[in-house]
file my_file_7.cif (mmCIF, C-alpha atoms)
data_coords
#
loop_
_atom_site.label_atom_id
_atom_site.label_comp_id
_atom_site.auth_asym_id
_atom_site.auth_seq_id
_atom_site.Cartn_x
_atom_site.Cartn_y
_atom_site.Cartn_z
CA MET A 1 32.81 42.01 -23.74
CA SER A 2 30.80 39.87 -26.11
CA TYR A 3 27.34 38.65 -25.13
CA LYS A 4 27.08 36.39 -28.16
CA PHE A 5 27.47 33.32 -26.00
CA LEU A 6 24.22 34.20 -24.25
CA ALA A 7 22.25 34.34 -27.47
CA ILE A 8 21.46 30.65 -27.79
CA PRO A 9 20.12 30.06 -24.23
CA CYS A 10 18.25 33.39 -24.31
CA CYS A 11 16.48 32.45 -27.54
CA ILE A 12 15.64 29.02 -26.16
CA LEU A 13 14.41 30.58 -22.90
CA PHE A 14 12.30 33.06 -24.84
CA PHE A 15 10.63 30.36 -26.92
CA ALA A 16 10.15 28.16 -23.88
CA LEU A 17 8.52 31.00 -21.94
CA ILE A 18 6.18 32.07 -24.71
CA SER A 19 5.13 28.47 -25.08
CA CYS A 20 4.08 28.49 -21.39
CA GLY A 21 1.12 30.63 -22.44
CA GLY A 22 -0.73 27.48 -23.40
CA ASN A 23 -1.97 27.81 -26.95
CA ASN A 24 -4.22 25.22 -28.50
CA GLU A 25 -1.35 23.15 -29.85
CA ASP A 26 0.15 23.01 -26.38
CA GLN A 27 -3.13 21.90 -24.92
CA LYS A 28 -3.35 19.15 -27.50
CA ASN A 29 0.20 18.07 -26.69
CA GLN A 30 -0.51 18.15 -22.98
CA GLU A 31 -3.63 16.06 -23.46
CA SER A 32 -1.72 13.48 -25.41
CA ILE A 33 0.92 13.34 -22.65
CA GLU A 34 -1.84 12.99 -20.09
CA SER A 35 -3.52 10.12 -21.86
CA VAL A 36 -0.25 8.21 -21.87
CA ASP A 37 0.82 9.08 -18.35
CA SER A 38 -2.42 9.02 -16.38
CA SER A 39 -3.33 5.73 -14.90
CA VAL A 40 -5.82 4.03 -17.22
CA THR A 41 -7.19 7.20 -18.76
CA THR A 42 -9.14 6.77 -21.94
CA ASN A 43 -9.94 9.22 -24.66
CA SER A 44 -12.45 6.87 -26.23
CA ASP A 45 -14.91 7.79 -23.48
CA LEU A 46 -14.60 11.50 -24.10
CA SER A 47 -18.00 12.96 -24.75
CA SER A 48 -19.04 16.33 -26.07
CA ASN A 49 -19.15 17.77 -22.55
CA ASP A 50 -15.46 17.00 -21.95
CA ARG A 51 -15.80 14.02 -19.70
CA GLU A 52 -13.07 11.42 -19.46
CA VAL A 53 -13.47 8.08 -17.72
CA SER A 54 -10.69 6.00 -16.20
CA TYR A 55 -10.63 2.84 -14.10
CA THR A 56 -8.88 1.61 -10.98
CA LEU A 57 -8.55 -2.00 -9.98
CA PRO A 58 -8.31 -3.53 -6.50
CA SER A 59 -5.23 -5.31 -5.18
CA ALA A 60 -4.55 -9.05 -5.33
CA LEU A 61 -4.47 -8.94 -1.54
CA GLN A 62 -8.00 -7.64 -1.31
CA ILE A 63 -9.53 -10.18 -3.67
CA ALA A 64 -7.82 -12.93 -1.66
CA TYR A 65 -9.12 -11.36 1.57
CA VAL A 66 -12.71 -11.36 0.30
CA PHE A 67 -12.27 -14.93 -0.91
CA LYS A 68 -10.83 -16.05 2.43
CA LYS A 69 -13.79 -14.53 4.28
CA SER A 70 -16.04 -16.92 2.38
CA GLY A 71 -14.39 -19.77 4.29
CA ALA A 72 -12.51 -21.15 1.29
CA MET A 73 -10.05 -23.89 2.18
CA PHE A 74 -6.34 -23.96 1.30
CA ILE A 75 -5.29 -26.38 -1.42
CA PRO A 76 -1.51 -26.09 -1.86
CA ASN A 77 -1.24 -27.82 -5.22
CA LEU A 78 -3.39 -25.14 -6.86
CA LEU A 79 -0.58 -22.60 -6.56
CA ASN A 80 1.68 -21.89 -9.49
CA ASN A 81 5.18 -23.35 -9.31
CA LYS A 82 7.25 -20.70 -7.55
CA ALA A 83 10.46 -21.93 -9.18
CA LYS A 84 9.23 -20.83 -12.60
CA ALA A 85 9.77 -17.08 -12.10
CA SER A 86 12.81 -16.83 -14.37
CA HIS A 87 10.90 -18.79 -17.04
CA TYR A 88 8.57 -15.76 -17.41
CA ASN A 89 11.32 -13.23 -18.01
CA THR A 90 10.57 -13.07 -21.72
CA SER A 91 8.31 -10.02 -22.27
CA ASN A 92 6.75 -7.29 -20.16
CA PHE A 93 3.37 -8.92 -20.70
CA LYS A 94 4.57 -12.28 -19.40
CA ARG A 95 6.42 -10.62 -16.50
CA GLY A 96 3.41 -8.47 -15.56
CA ALA A 97 0.81 -11.24 -15.82
CA ASN A 98 2.90 -13.66 -13.76
CA PHE A 99 3.75 -10.98 -11.23
CA GLY A 100 -0.03 -10.87 -10.74
CA ILE A 101 -0.29 -14.69 -10.57
CA TYR A 102 2.38 -14.86 -7.85
CA SER A 103 0.85 -11.89 -5.97
CA SER A 104 -2.42 -13.77 -5.84
CA ASP A 105 -0.69 -16.96 -4.65
CA LEU A 106 1.14 -14.96 -1.98
CA ALA A 107 -2.13 -13.42 -0.77
CA TYR A 108 -3.86 -16.85 -0.74
CA CYS A 109 -1.03 -18.26 1.41
CA LEU A 110 -1.03 -15.23 3.73
CA PHE A 111 -4.74 -15.32 4.50
CA ASN A 112 -4.47 -19.04 5.16
CA LYS A 113 -1.62 -18.48 7.62
CA LYS A 114 0.82 -20.47 5.51
CA TYR A 115 3.78 -18.32 6.44
CA GLN A 116 6.62 -20.42 5.04
CA GLU A 117 4.81 -20.63 1.68
CA SER A 118 4.09 -16.87 1.91
CA LYS A 119 7.79 -16.22 2.28
CA GLU A 120 8.54 -18.32 -0.79
CA TYR A 121 5.87 -16.59 -2.88
CA LEU A 122 7.09 -13.19 -1.70
CA LYS A 123 10.46 -14.21 -3.13
CA ALA A 124 8.80 -15.23 -6.41
CA CYS A 125 7.08 -11.78 -6.49
CA LYS A 126 10.39 -10.10 -5.72
CA ASP A 127 12.09 -12.01 -8.55
CA MET A 128 9.32 -11.06 -10.99
CA GLY A 129 9.47 -7.50 -9.63
CA SER A 130 13.20 -7.30 -10.31
CA PHE A 131 12.57 -8.25 -13.97
CA LEU A 132 10.12 -5.33 -14.09
CA GLY A 133 12.53 -2.85 -12.49
CA LEU A 134 10.82 -2.87 -9.09
CA ASN A 135 13.84 -3.80 -6.95
CA GLN A 136 13.57 -0.60 -4.95
CA ALA A 137 9.97 -1.39 -3.94
CA PHE A 138 11.04 -4.67 -2.35
CA GLU A 139 14.32 -3.49 -0.91
CA SER A 140 13.34 -0.13 0.57
CA GLU A 141 12.77 0.12 4.33
CA ASN A 142 13.92 -3.50 4.74
CA LEU A 143 10.46 -4.71 3.77
CA THR A 144 11.50 -8.29 3.16
CA GLN A 145 13.50 -8.43 6.41
CA ARG A 146 10.51 -7.00 8.29
CA PHE A 147 8.36 -9.63 6.64
CA ASP A 148 10.65 -12.37 8.02
CA LYS A 149 10.69 -10.79 11.47
CA ASN A 150 6.90 -10.47 11.70
CA ILE A 151 6.05 -13.67 9.91
CA ALA A 152 3.91 -15.02 12.74
CA SER A 153 1.74 -11.92 12.97
CA GLU A 154 -0.88 -11.95 10.22
CA ASP A 155 -1.84 -8.30 10.62
CA SER A 156 1.76 -7.05 10.51
CA VAL A 157 2.65 -9.19 7.52
CA ILE A 158 -0.44 -8.06 5.61
CA LYS A 159 0.47 -4.44 6.32
CA ILE A 160 3.99 -5.07 5.01
CA VAL A 161 2.66 -6.65 1.81
CA SER A 162 0.18 -3.73 1.41
CA ASN A 163 3.15 -1.35 1.69
CA ILE A 164 5.00 -3.27 -1.00
CA GLN A 165 1.89 -2.99 -3.17
CA LEU A 166 1.80 0.79 -2.68
CA LYS A 167 5.49 1.09 -3.50
CA THR A 168 5.16 -0.99 -6.66
CA ASP A 169 2.15 1.14 -7.73
CA VAL A 170 4.23 4.31 -7.28
CA MET A 171 7.19 2.82 -9.13
CA PHE A 172 5.07 1.74 -12.11
CA GLU A 173 3.79 5.30 -12.20
CA GLN A 174 7.27 6.80 -12.00
CA ASN A 175 8.57 4.40 -14.66
CA LYS A 176 5.68 5.36 -16.99
CA GLN A 177 4.55 1.72 -17.05
CA ASN A 178 0.93 2.28 -16.13
CA TYR A 179 -0.24 -0.55 -18.38
CA ILE A 180 1.70 -3.21 -16.45
CA PRO A 181 -0.39 -3.02 -13.21
CA VAL A 182 -3.50 -3.61 -15.35
CA ILE A 183 -1.92 -6.72 -16.92
CA ALA A 184 -0.72 -7.78 -13.45
CA PHE A 185 -4.20 -7.40 -11.99
CA ALA A 186 -5.66 -9.45 -14.86
CA GLY A 187 -3.15 -12.17 -13.91
CA ALA A 188 -3.98 -11.92 -10.20
CA TRP A 189 -7.71 -12.05 -10.92
CA THR A 190 -7.29 -15.09 -13.20
CA GLU A 191 -5.33 -16.95 -10.50
CA SER A 192 -7.87 -16.02 -7.83
CA MET A 193 -10.76 -17.16 -10.04
CA TYR A 194 -8.94 -20.38 -10.86
CA ILE A 195 -8.42 -21.15 -7.16
CA ALA A 196 -12.03 -20.18 -6.35
CA PHE A 197 -13.47 -22.52 -9.00
CA GLU A 198 -11.24 -25.41 -7.90
CA VAL A 199 -12.12 -24.90 -4.23
CA TYR A 200 -15.83 -24.63 -5.06
CA SER A 201 -15.73 -27.82 -7.13
CA LYS A 202 -14.37 -29.69 -4.08
CA ASN A 203 -16.97 -28.72 -1.47
CA LYS A 204 -19.76 -26.71 -3.19
CA ASN A 205 -19.62 -24.15 -0.41
CA LYS A 206 -22.35 -21.57 -1.12
CA LYS A 207 -20.29 -18.74 0.41
CA VAL A 208 -17.40 -19.56 -1.93
CA LEU A 209 -19.83 -19.44 -4.84
CA ILE A 210 -21.05 -15.99 -3.76
CA SER A 211 -17.45 -14.75 -3.52
CA LEU A 212 -16.68 -16.28 -6.91
CA MET A 213 -19.66 -14.51 -8.52
CA GLU A 214 -18.66 -11.20 -6.90
CA GLN A 215 -15.20 -11.55 -8.42
CA LEU A 216 -16.61 -12.44 -11.82
CA ILE A 217 -18.31 -9.02 -11.97
CA LEU A 218 -14.82 -7.49 -11.98
CA SER A 219 -14.26 -8.89 -15.48
CA ARG A 220 -16.16 -5.90 -16.93
CA THR A 221 -13.85 -3.35 -15.32
CA ILE A 222 -10.74 -5.36 -16.25
CA ILE A 223 -11.81 -5.37 -19.91
CA LYS A 224 -12.43 -1.60 -19.88
CA ALA A 225 -9.09 -0.94 -18.16
CA LEU A 226 -7.18 -3.23 -20.57
CA LYS A 227 -8.80 -1.60 -23.61
CA VAL A 228 -7.21 1.71 -22.67
CA TYR A 229 -3.80 0.09 -23.22
CA GLU A 230 -4.74 -2.20 -26.11
CA GLU A 231 -2.01 -0.76 -28.31
CA LYS A 232 0.69 -0.74 -25.64
CA ASP A 233 1.48 -4.44 -25.91
CA ALA A 234 0.83 -6.91 -28.71
CA GLU A 235 -0.38 -9.53 -26.23
CA ILE A 236 -3.09 -7.38 -24.63
CA PRO A 237 -5.78 -7.89 -27.34
CA ALA A 238 -5.70 -11.68 -26.85
CA LEU A 239 -6.06 -11.19 -23.09
CA ILE A 240 -9.06 -8.90 -23.68
CA THR A 241 -10.65 -11.51 -25.96
CA ALA A 242 -10.18 -14.22 -23.33
CA ILE A 243 -11.72 -12.10 -20.54
CA GLU A 244 -14.55 -10.96 -22.83
CA LYS A 245 -15.40 -14.63 -23.37
CA ILE A 246 -15.54 -15.16 -19.59
CA ASN A 247 -17.64 -12.04 -19.17
CA SER A 248 -20.06 -13.15 -21.86
CA GLU A 249 -20.42 -16.59 -20.22
CA PHE A 250 -21.07 -14.87 -16.90
CA ASN A 251 -23.71 -12.64 -18.51
CA ASN A 252 -25.35 -15.76 -19.94
CA ILE A 253 -26.17 -17.09 -16.47
CA ALA A 254 -29.99 -16.83 -16.46
CA SER A 255 -30.27 -15.00 -13.12
CA VAL A 256 -27.48 -12.56 -14.07
CA LYS A 257 -29.09 -11.90 -17.44
CA SER A 258 -32.44 -11.22 -15.81
CA ALA A 259 -30.95 -8.83 -13.22
CA MET A 260 -29.10 -6.95 -15.94
CA GLU A 261 -32.21 -6.61 -18.09
CA LYS A 262 -34.13 -5.18 -15.13
CA ASP A 263 -31.17 -2.97 -14.09
CA GLU A 264 -31.37 -4.58 -10.62
CA GLU A 265 -28.58 -4.82 -8.05
CA MET A 266 -27.31 -8.42 -8.06
CA ASP A 267 -27.62 -10.31 -4.79
CA PHE A 268 -25.76 -13.57 -5.29
CA SER A 269 -26.92 -14.96 -1.96
CA VAL A 270 -30.39 -15.43 -3.48
CA MET A 271 -29.65 -15.71 -7.20
CA PRO A 272 -29.72 -19.28 -8.54
CA VAL A 273 -26.67 -20.50 -10.47
CA THR A 274 -26.37 -24.02 -11.87
CA ASP A 275 -23.24 -26.13 -12.32
CA SER A 276 -23.89 -26.29 -16.05
CA GLU A 277 -23.82 -22.46 -16.17
CA LEU A 278 -20.55 -22.39 -14.22
CA LYS A 279 -18.80 -25.11 -16.23
CA PRO A 280 -17.92 -23.05 -19.35
CA ILE A 281 -16.64 -20.18 -17.17
CA ALA A 282 -14.44 -22.56 -15.14
CA GLU A 283 -13.03 -24.00 -18.36
CA SER A 284 -12.33 -20.56 -19.84
CA ILE A 285 -10.58 -19.47 -16.64
CA LYS A 286 -8.48 -22.65 -16.65
CA SER A 287 -7.48 -22.10 -20.24
CA LEU A 288 -6.63 -18.41 -19.67
CA ARG A 289 -4.53 -19.31 -16.63
CA ALA A 290 -2.70 -22.01 -18.60
CA SER A 291 -1.90 -19.49 -21.34
CA ILE A 292 -0.28 -17.23 -18.71
CA VAL A 293 1.65 -19.72 -16.56
CA ASP A 294 2.72 -22.33 -19.14
CA MET B 1 35.02 26.56 -25.77
CA LYS B 2 31.99 28.77 -25.13
CA LYS B 3 30.39 27.28 -28.25
CA ILE B 4 30.48 23.88 -26.57
CA ILE B 5 29.57 24.97 -23.02
CA THR B 6 26.62 27.20 -23.89
CA PRO B 7 24.46 24.53 -25.56
CA LEU B 8 25.39 22.15 -22.75
CA PHE B 9 23.91 24.57 -20.22
CA SER B 10 20.90 25.40 -22.34
CA ILE B 11 19.73 21.78 -22.71
CA PRO B 12 18.98 21.18 -18.98
CA LEU B 13 17.40 24.63 -18.80
CA VAL B 14 14.98 23.85 -21.61
CA VAL B 15 14.25 20.38 -20.24
CA SER B 16 13.37 21.87 -16.82
CA LEU B 17 11.16 24.52 -18.40
CA MET B 18 9.35 21.95 -20.50
CA ALA B 19 8.83 19.74 -17.45
CA PHE B 20 7.40 22.70 -15.55
CA GLN B 21 5.17 23.53 -18.49
CA ARG B 22 3.75 19.98 -18.50
CA GLY B 23 3.09 20.18 -14.79
CA ASP B 24 5.38 17.26 -14.02
CA VAL B 25 7.18 19.17 -11.26
CA LEU B 26 3.88 19.53 -9.44
CA CYS B 27 3.26 15.81 -9.38
CA ASN B 28 5.34 13.97 -6.85
CA ALA B 29 3.42 10.71 -6.82
CA LYS B 30 5.40 9.24 -3.94
CA GLU B 31 5.02 12.24 -1.65
CA LEU B 32 1.29 12.60 -2.33
CA LYS B 33 0.62 8.90 -1.91
CA ASP B 34 2.69 8.71 1.29
CA LYS B 35 0.57 11.52 2.74
CA ALA B 36 -2.65 9.80 1.72
CA LYS B 37 -1.37 6.51 3.18
CA ALA B 38 -0.82 8.14 6.57
CA THR B 39 -4.48 9.24 6.66
CA LEU B 40 -5.66 5.85 5.45
CA GLU B 41 -4.57 4.06 8.63
CA PRO B 42 -5.84 1.79 10.14
CA TYR B 43 -7.41 0.71 6.86
CA LYS B 44 -5.27 -1.52 4.63
CA TYR B 45 -4.03 -0.06 1.36
CA ASP B 46 -5.90 -1.38 -1.65
CA SER B 47 -5.34 0.92 -4.61
CA SER B 48 -4.64 4.50 -5.55
CA GLU B 49 -4.58 6.76 -8.54
CA LEU B 50 -2.75 9.91 -9.45
CA THR B 51 -4.81 11.93 -11.91
CA ARG B 52 -3.25 14.75 -13.89
CA ILE B 53 -5.68 17.62 -13.99
CA LEU B 54 -5.59 20.05 -16.88
CA TYR B 55 -7.57 23.26 -16.45
CA LYS B 56 -9.19 24.47 -19.65
CA ASN B 57 -11.31 27.47 -20.54
CA LYS B 58 -14.48 25.50 -19.79
CA GLU B 59 -15.58 23.10 -17.06
CA THR B 60 -14.45 19.52 -17.59
CA ILE B 61 -14.96 16.30 -15.66
CA LYS B 62 -12.64 13.38 -15.03
CA GLU B 63 -14.49 10.31 -13.81
CA ILE B 64 -12.85 7.27 -12.25
CA GLU B 65 -14.70 4.00 -11.85
CA VAL B 66 -13.68 2.27 -8.63
CA PRO B 67 -14.83 -1.34 -8.19
CA LEU B 68 -15.52 -2.39 -4.60
CA PHE B 69 -16.68 -5.59 -2.94
CA ILE B 70 -20.15 -5.44 -1.49
CA GLY B 71 -20.17 -5.74 2.31
CA GLU B 72 -16.59 -4.53 2.77
CA LYS B 73 -15.82 -1.26 4.57
CA TYR B 74 -13.74 1.20 2.62
CA ARG B 75 -12.08 4.51 3.29
CA ILE B 76 -11.22 6.78 0.36
CA ILE B 77 -8.65 9.52 0.92
CA PHE B 78 -8.25 12.53 -1.37
CA GLU B 79 -5.01 14.49 -1.50
CA LEU B 80 -5.44 17.68 -3.53
CA GLU B 81 -2.59 19.83 -2.31
CA ALA B 82 -0.81 19.63 -5.68
CA LEU B 83 -3.67 21.41 -7.41
CA PRO B 84 -3.21 25.10 -8.21
CA LYS B 85 -6.98 25.64 -8.15
CA GLN B 86 -9.54 23.67 -6.16
CA VAL B 87 -11.62 21.05 -7.97
CA GLU B 88 -14.88 19.67 -6.66
CA VAL B 89 -14.87 15.96 -5.86
CA GLN B 90 -18.17 14.18 -6.32
CA ILE B 91 -18.83 10.51 -5.60
CA TYR B 92 -21.72 8.67 -7.25
CA ASN B 93 -23.13 5.19 -6.80
CA LYS B 94 -23.61 4.54 -10.52
CA SER B 95 -22.25 5.61 -13.87
CA LYS B 96 -23.61 8.64 -15.69
CA GLU B 97 -25.62 6.36 -18.01
CA SER B 98 -27.69 4.94 -15.14
CA LYS B 99 -31.09 6.40 -14.29
CA ASN B 100 -30.51 5.54 -10.62
CA ARG B 101 -27.32 7.58 -10.28
CA LYS B 102 -27.16 9.23 -6.85
CA LEU B 103 -24.65 11.69 -5.43
CA LEU B 104 -23.10 10.13 -2.30
CA PHE B 105 -20.56 12.81 -1.50
CA SER B 106 -19.47 16.27 -2.57
CA SER B 107 -16.38 18.12 -1.42
CA LYS B 108 -18.32 21.39 -1.63
CA ASP B 109 -19.10 21.00 2.08
CA LYS B 110 -15.37 20.72 2.84
CA GLY B 111 -14.57 24.28 1.79
CA ALA B 112 -10.98 24.75 0.73
CA ALA B 113 -9.74 21.56 2.40
CA LYS B 114 -6.91 19.93 0.49
CA GLU B 115 -7.34 16.57 2.16
CA PHE B 116 -10.51 14.70 3.11
CA GLU B 117 -11.95 11.23 3.42
CA PHE B 118 -15.10 9.32 2.58
CA GLU B 119 -16.23 5.98 3.97
CA VAL B 120 -18.43 3.53 2.11
CA SER B 121 -19.78 0.02 2.53
CA LYS B 122 -22.53 -2.07 0.89
CA SER B 123 -21.51 -0.85 -2.51
CA ARG B 124 -20.13 -2.68 -5.56
CA GLN B 125 -18.56 0.38 -7.11
CA VAL B 126 -18.33 4.12 -6.82
CA TYR B 127 -17.69 6.73 -9.49
CA ILE B 128 -15.36 9.53 -8.48
CA ASP B 129 -15.79 12.73 -10.47
CA TYR B 130 -13.25 15.54 -10.43
CA VAL B 131 -15.20 18.59 -11.56
CA ILE B 132 -12.48 20.84 -12.97
CA PRO B 133 -13.44 24.52 -13.02
CA PRO B 134 -12.72 26.68 -16.03
CA SER B 135 -9.59 28.76 -15.92
CA GLU B 136 -9.45 32.24 -17.40
CA GLU B 137 -5.71 32.52 -17.02
CA GLY B 138 -5.09 29.88 -19.63
CA SER B 139 -4.27 26.26 -19.28
CA TYR B 140 -2.27 24.97 -16.34
CA SER B 141 -2.14 21.68 -14.58
CA GLY B 142 -1.79 19.87 -11.29
CA CYS B 143 -2.36 16.49 -9.69
CA ALA B 144 -5.02 14.86 -7.58
CA VAL B 145 -4.51 11.63 -5.71
CA PHE B 146 -7.03 9.31 -4.19
CA MET B 147 -6.37 6.18 -2.23
CA VAL B 148 -8.71 3.34 -1.30
CA GLY B 149 -8.29 1.22 1.82
CA TYR B 150 -10.34 -1.59 3.30
CA LYS B 151 -10.88 -2.70 6.87
#

call {"tool": "encode", "arguments": {"input": "my_file_7.cif", "output": "structure tokens"}}
result
Amino acid sequence: MSYKFLAIPCCILFFALISCGGNNEDQKNQESIESVDSSVTTNSDLSSNDREVSYTLPSALQIAYVFKKSGAMFIPNLLNNKAKASHYNTSNFKRGANFGIYSSDLAYCLFNKKYQESKEYLKACKDMGSFLGLNQAFESENLTQRFDKNIASEDSVIKIVSNIQLKTDVMFEQNKQNYIPVIAFAGAWTESMYIAFEVYSKNKNKKVLISLMEQLILSRTIIKALKVYEEKDAEIPALITAIEKINSEFNNIASVKSAMEKDEEMDFSVMPVTDSELKPIAESIKSLRASIVD
Amino acid sequence: MKKIITPLFSIPLVVSLMAFQRGDVLCNAKELKDKAKATLEPYKYDSSELTRILYKNKETIKEIEVPLFIGEKYRIIFELEALPKQVEVQIYNKSKESKNRKLLFSSKDKGAAKEFEFEVSKSRQVYIDYVIPPSEEGSYSGCAVFMVGYK
């Protein structure tokens, strides 16, 4: 009996097993795999004591929830046109950013108890999701049917949308597309900021202003998270530049600048902010949003 | 015939071994996140992160910056059962560059628990540090998951 046929797998097995020992080259390889796979992990922050820093971002639902708690009113014509979903099926950047825009619109409708509109924006999210390979997230456990069934119960519907969010997060992870949720959040944040500025310009509600300022702080984390994936998509650098501009305008608000210089915790309920300081930020947000949705 | 069949069998074998070597088989994101989600209730899911932990021959730290909204109540769940060796979880109020950095939580008090939670409010961000102990047996890996929920 000849055992020659076993030679090839045995050799391969041998080399595979000895490589399990973890030599330096393996460690280097493993690190490079990690930096690609791990959610928003950056090597640029590695210091001599082997510390890596990564970033997480909140959900579109939560930023809308915080905004709603400020008493912001619902203005339907601020929402992006839900019929444009297929128009954005051109690149992963466009799909991701507009998935975020529609997620934000869906959350804005939900927290304002606009259930019919919520249903329509859920469909827009589902359409964008299908272009990104997220069908399973929307179709598993009859999430969309459960949404329809519970449409009159805010708490149930919010839980269903939170579940969809979790499933899409897992799917992006499984599909090795960890950069897309960061682009999507940048889109969601832009839409939320756009709505917040428009609502504030209508009634100058101080609570809306506080919520708006709280959300502006997030620009720093979004920039750091996007920079990790700068080379993943050719359109990311321009997005970083646009958000850096907004962040710089925010930092130029006199009271913000002063708090930063003194390393003080910012309390926007007492910090003065003028309309002239807000105007350039509102314009930059508007222009960024237009570049995503047009 | 054997010449064709043998390489066909060897390819999946090598692929599985390489996957095991990278630690991928230890990281079932869905299963870990589903477990964390069950503990998160009644808080609403906000975000989560699966971190691949690589043990080296010296202590290393993986820090995750988590932005929060001031005044909101949060619950953070840690799911560490896919780690071959316990890591210490530390939560700070500020980044390592800040002079006012304070330790808010350490999993040292939790012993060998593979799952625990932390609640926070009145904070604009927290910094989660996984303190990865050195490993004498050579490098191996595992996964840690945390999940943030709000009330």

call {"tool": "resolve_selection", "arguments": {"input": "my_file_7.cif", "expression": "the PyMOL selection byres ((chain A and resi 136-144) around 7)", "output": "PyMOL selection string"}}
result
chain A and resi 126+134-135+145-148+160+164+167-168

call {"tool": "residues_around", "arguments": {"input": "my_file_7.cif", "residues": "range 124-127 of chain B", "least_positions_apart": "4", "cutoff": "9 Å", "atoms": "all atoms listed in the file", "output": "list in words"}}
result
Glu214 of chain A; Glu63, Ile64, Glu65, Val66, Pro67, Leu68, Phe69, Ile70, Gly71, Gln90, Ile91, Tyr92, Asn93, Lys94, Ser95, Lys96, Leu104 and Val120 of chain B

call {"tool": "residues_around", "arguments": {"input": "my_file_7.cif", "residues": "Pro42 in chain B", "least_positions_apart": "5", "cutoff": "12 Å", "atoms": "all atoms listed in the file", "output": "PyMOL selection string"}}
result
(chain A and resi 155-156+159+162) or (chain B and resi 37+73-75+148-151)

call {"tool": "resolve_selection", "arguments": {"input": "my_file_7.cif", "expression": "the PyMOL selection byres ((chain A and resi 195) around 12)", "output": "PyMOL selection string"}}
result
chain A and resi 63-64+67-68+72-80+101+104-105+107-109+188-194+196-202+208-209+211-212+215+282+285-286+289

call {"tool": "residues_around", "arguments": {"input": "my_file_7.cif", "residues": "Val273 in chain A", "least_positions_apart": "2", "cutoff": "8 Å", "atoms": "all atoms listed in the file", "output": "list in words"}}
result
Ile253, Ala254, Ser255, Met271, Asp275, Glu277 and Leu278 of chain A

call {"tool": "closest_residue", "arguments": {"input": "my_file_7.cif", "among": "B:Lys44, B:Lys114, B:Lys85, B:Lys35", "to": "chain A", "atoms": "all atoms listed in the file"}}
result
B:Lys44

call {"tool": "atom_distance", "arguments": {"input": "my_file_7.cif", "atom1": "CA of Gln165 in chain A", "atom2": "CA of Glu115 in chain B"}}
result
22.3 Å

call {"tool": "closest_residue", "arguments": {"input": "my_file_7.cif", "among": "B:Leu50, B:Leu103, B:Ala144, B:Ala38", "to": "chain A", "atoms": "only C-alpha atoms"}}
result
B:Leu50

call {"tool": "residues_near_point", "arguments": {"input": "my_file_7.cif", "point": "(-10.1, 15.1, -5.6)", "cutoff": "6 Å", "atoms": "only C-alpha atoms", "output": "MDAnalysis selection string"}}
result
chainID B and resid 78 80 89 130 144

call {"tool": "atom_distance", "arguments": {"input": "my_file_7.cif", "atom1": "CA of Leu32 in chain B", "atom2": "CA of Gly142 in chain B"}}
result
11.9 Å

call {"tool": "closest_residue", "arguments": {"input": "my_file_7.cif", "among": "B:Met147, B:Ala113, B:Val131, B:Ile61", "to": "chain A", "atoms": "all atoms listed in the file"}}
result
B:Ile61

call {"tool": "residues_around", "arguments": {"input": "my_file_7.cif", "residues": "Ile76 in chain B", "least_positions_apart": "4", "cutoff": "10 Å", "atoms": "all atoms listed in the file", "output": "mmCIF file with C-alpha atoms, in the coordinates of the input"}}
result
data_model
loop_
_atom_site.group_PDB
_atom_site.id
_atom_site.type_symbol
_atom_site.label_atom_id
_atom_site.label_comp_id
_atom_site.auth_asym_id
_atom_site.auth_seq_id
_atom_site.Cartn_x
_atom_site.Cartn_y
_atom_site.Cartn_z
ATOM 1 C CA ALA B 36 -2.650 9.800 1.720
ATOM 2 C CA THR B 39 -4.480 9.240 6.660
ATOM 3 C CA LEU B 40 -5.660 5.850 5.450
ATOM 4 C CA TYR B 43 -7.410 0.710 6.860
ATOM 5 C CA TYR B 45 -4.030 -0.060 1.360
ATOM 6 C CA ASP B 46 -5.900 -1.380 -1.650
ATOM 7 C CA SER B 47 -5.340 0.920 -4.610
ATOM 8 C CA SER B 48 -4.640 4.500 -5.550
ATOM 9 C CA PHE B 116 -10.510 14.700 3.110
ATOM 10 C CA GLU B 117 -11.950 11.230 3.420
ATOM 11 C CA PHE B 118 -15.100 9.320 2.580
ATOM 12 C CA GLU B 119 -16.230 5.980 3.970
ATOM 13 C CA VAL B 120 -18.430 3.530 2.110
ATOM 14 C CA PHE B 146 -7.030 9.310 -4.190
ATOM 15 C CA MET B 147 -6.370 6.180 -2.230
ATOM 16 C CA VAL B 148 -8.710 3.340 -1.300
ATOM 17 C CA GLY B 149 -8.290 1.220 1.820
ATOM 18 C CA TYR B 150 -10.340 -1.590 3.300
#

call {"tool": "closest_residue", "arguments": {"input": "my_file_7.cif", "among": "B:Lys99, B:Lys62, B:Lys110, B:Lys122", "to": "chain A", "atoms": "all atoms listed in the file"}}
result
B:Lys62
